[in-house]
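This report refers to the structure that appears directly beneath it.
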Amino acid sequence: MKLNNDFIDFNEIEHRYFINSVELPSVTRLISCIFGNIYASVSSTILQSASAYGSKVHDEIDTHFKNNAQNSVFETTEARIFFEQIAKKHNIKYIASEEAIAISRNNKYIACGKFDLLCLYDDCLTLIDFKTTSTIHLQEVILQLNSYAIGLKQLLEDEFIKIDLKKIKLLVIQLKETKYNIKEIPVIDEEIVLNKLEIAKDIYEKETDRVLNEQARVLQSSDLH
């Protein structure tokens with residue numbers, strides 16, 4: 001399934017979203033404005049290595065689905081475990097993956113993001129987020145998946161497809177080597193989620209303005225010497 005999301009420009013290298021040439025923060029960036037940087041104490045080297053491996057797992061799962069591969073040879077244990085154990089056990093039927101969504105309120109865009117997988121899971125419409133980290137930060141994941149669900153709902157409404165958010169299942173699947181953990185995420189009232197995102201965006205914009213003003217001050221000061 002190809003979603004009608006061509007109006008969203010995504011810079012994959014810099015992980016930046018634009019709509020009509022206007023940059024929008026990612027959902028994960030706004031979440032960090034609420035909960036802070038949960039990896040602040042982790043070294044940049046470890047973070048980069050973990051992020052690269054997580055991306056590899058995501059890419060393998062995405063490629064396998066999109067190529068409709070039957071006998072893939074997986075480079076990562078996590079992708080192999082997902083297909084050999086989870087996908088078979090829960091009769092997962094692919095719909096879409098790694099698709100960009102935009103979240104808006106009153107015709108004003110708040111944020112963008114990319115969901116990992118939309119599928120039928122035990123015959124239920126399900127939005128899945130994969131995590132390869134050792135710890136699942138539940139509050140962040142709840143807001144993240146609920147935000148993606150709202151963005152998906154709004155995107156499909158533009159195509160005259162109605163989704164009842166109360167009937168969609170939200171799952172986070174933690175994949176770590178040969179072990180996995182599947183946790184269902186509660187669906188939160190749409191207005192509560194949008195309120196949180198708008199508050200986070202206000203924090204984000206104020207911080208962005210502060211940084212830009214500081215950079216301008218430094219440049220102006222250097223010009224005087």
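A note on labels: chains of the structure tokens are A, B, ... as shown, every chain counts residues from 1, and ligands are counted from 1 in their shown order.
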- Message: as number ranges by chain, please: the residues near segment 66-79 of chain A (cut-off 6 Å, only C-alpha atoms, same-chain neighbours under 2 positions excluded).
- Response: A: 57, 61, 63-64, 81-82, 175, 177
Residue selection dump (C-alpha atoms) as a JSON list (two decimals), in the first residue's frame:
[["chain", "number", "residue", "atom", "x", "y", "z"],
["A", 57, "VAL", "CA", 17.51, -4.18, 11.69],
["A", 61, "ILE", "CA", 12.60, -5.94, 8.01],
["A", 63, "THR", "CA", 13.27, -4.62, 2.64],
["A", 64, "HIS", "CA", 12.00, -8.15, 3.29],
["A", 81, "ILE", "CA", 13.83, -13.83, 14.77],
["A", 82, "PHE", "CA", 11.04, -11.39, 13.89],
["A", 175, "LEU", "CA", 14.25, -7.13, 19.53],
["A", 177, "GLU", "CA", 19.62, -10.74, 19.68]]
- Can you tell me, as a VMD selection string, what residues are no more than 9 Å from Ile188 of chain A when counting only C-alpha atoms, ignoring any on the same chain fewer than 4 positions away? chain A and resid 142 to 143 146 165 to 166 192 to 193
- For Ile182 of chain A, which of A:Ile8, A:Leu170, A:Leu3, A:Ala40 is the closest residue, counting only C-alpha atoms? A:Leu170
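Between Asp62 of chain A and the residues A:Val218, A:Ile168, A:Ala96, A:Leu120, the shortest atom-to-atom distance, using only C-alpha atoms, involves A:Ala96.
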- Message: To one decimal place in Å, what is the distance between atom CA of Leu171 of chain A and atom CA of Glu99 of chain A?
- Response: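 For atom CA of Leu171 of chain A relative to atom CA of Glu99 of chain A, the distance reads 16.7 Å.
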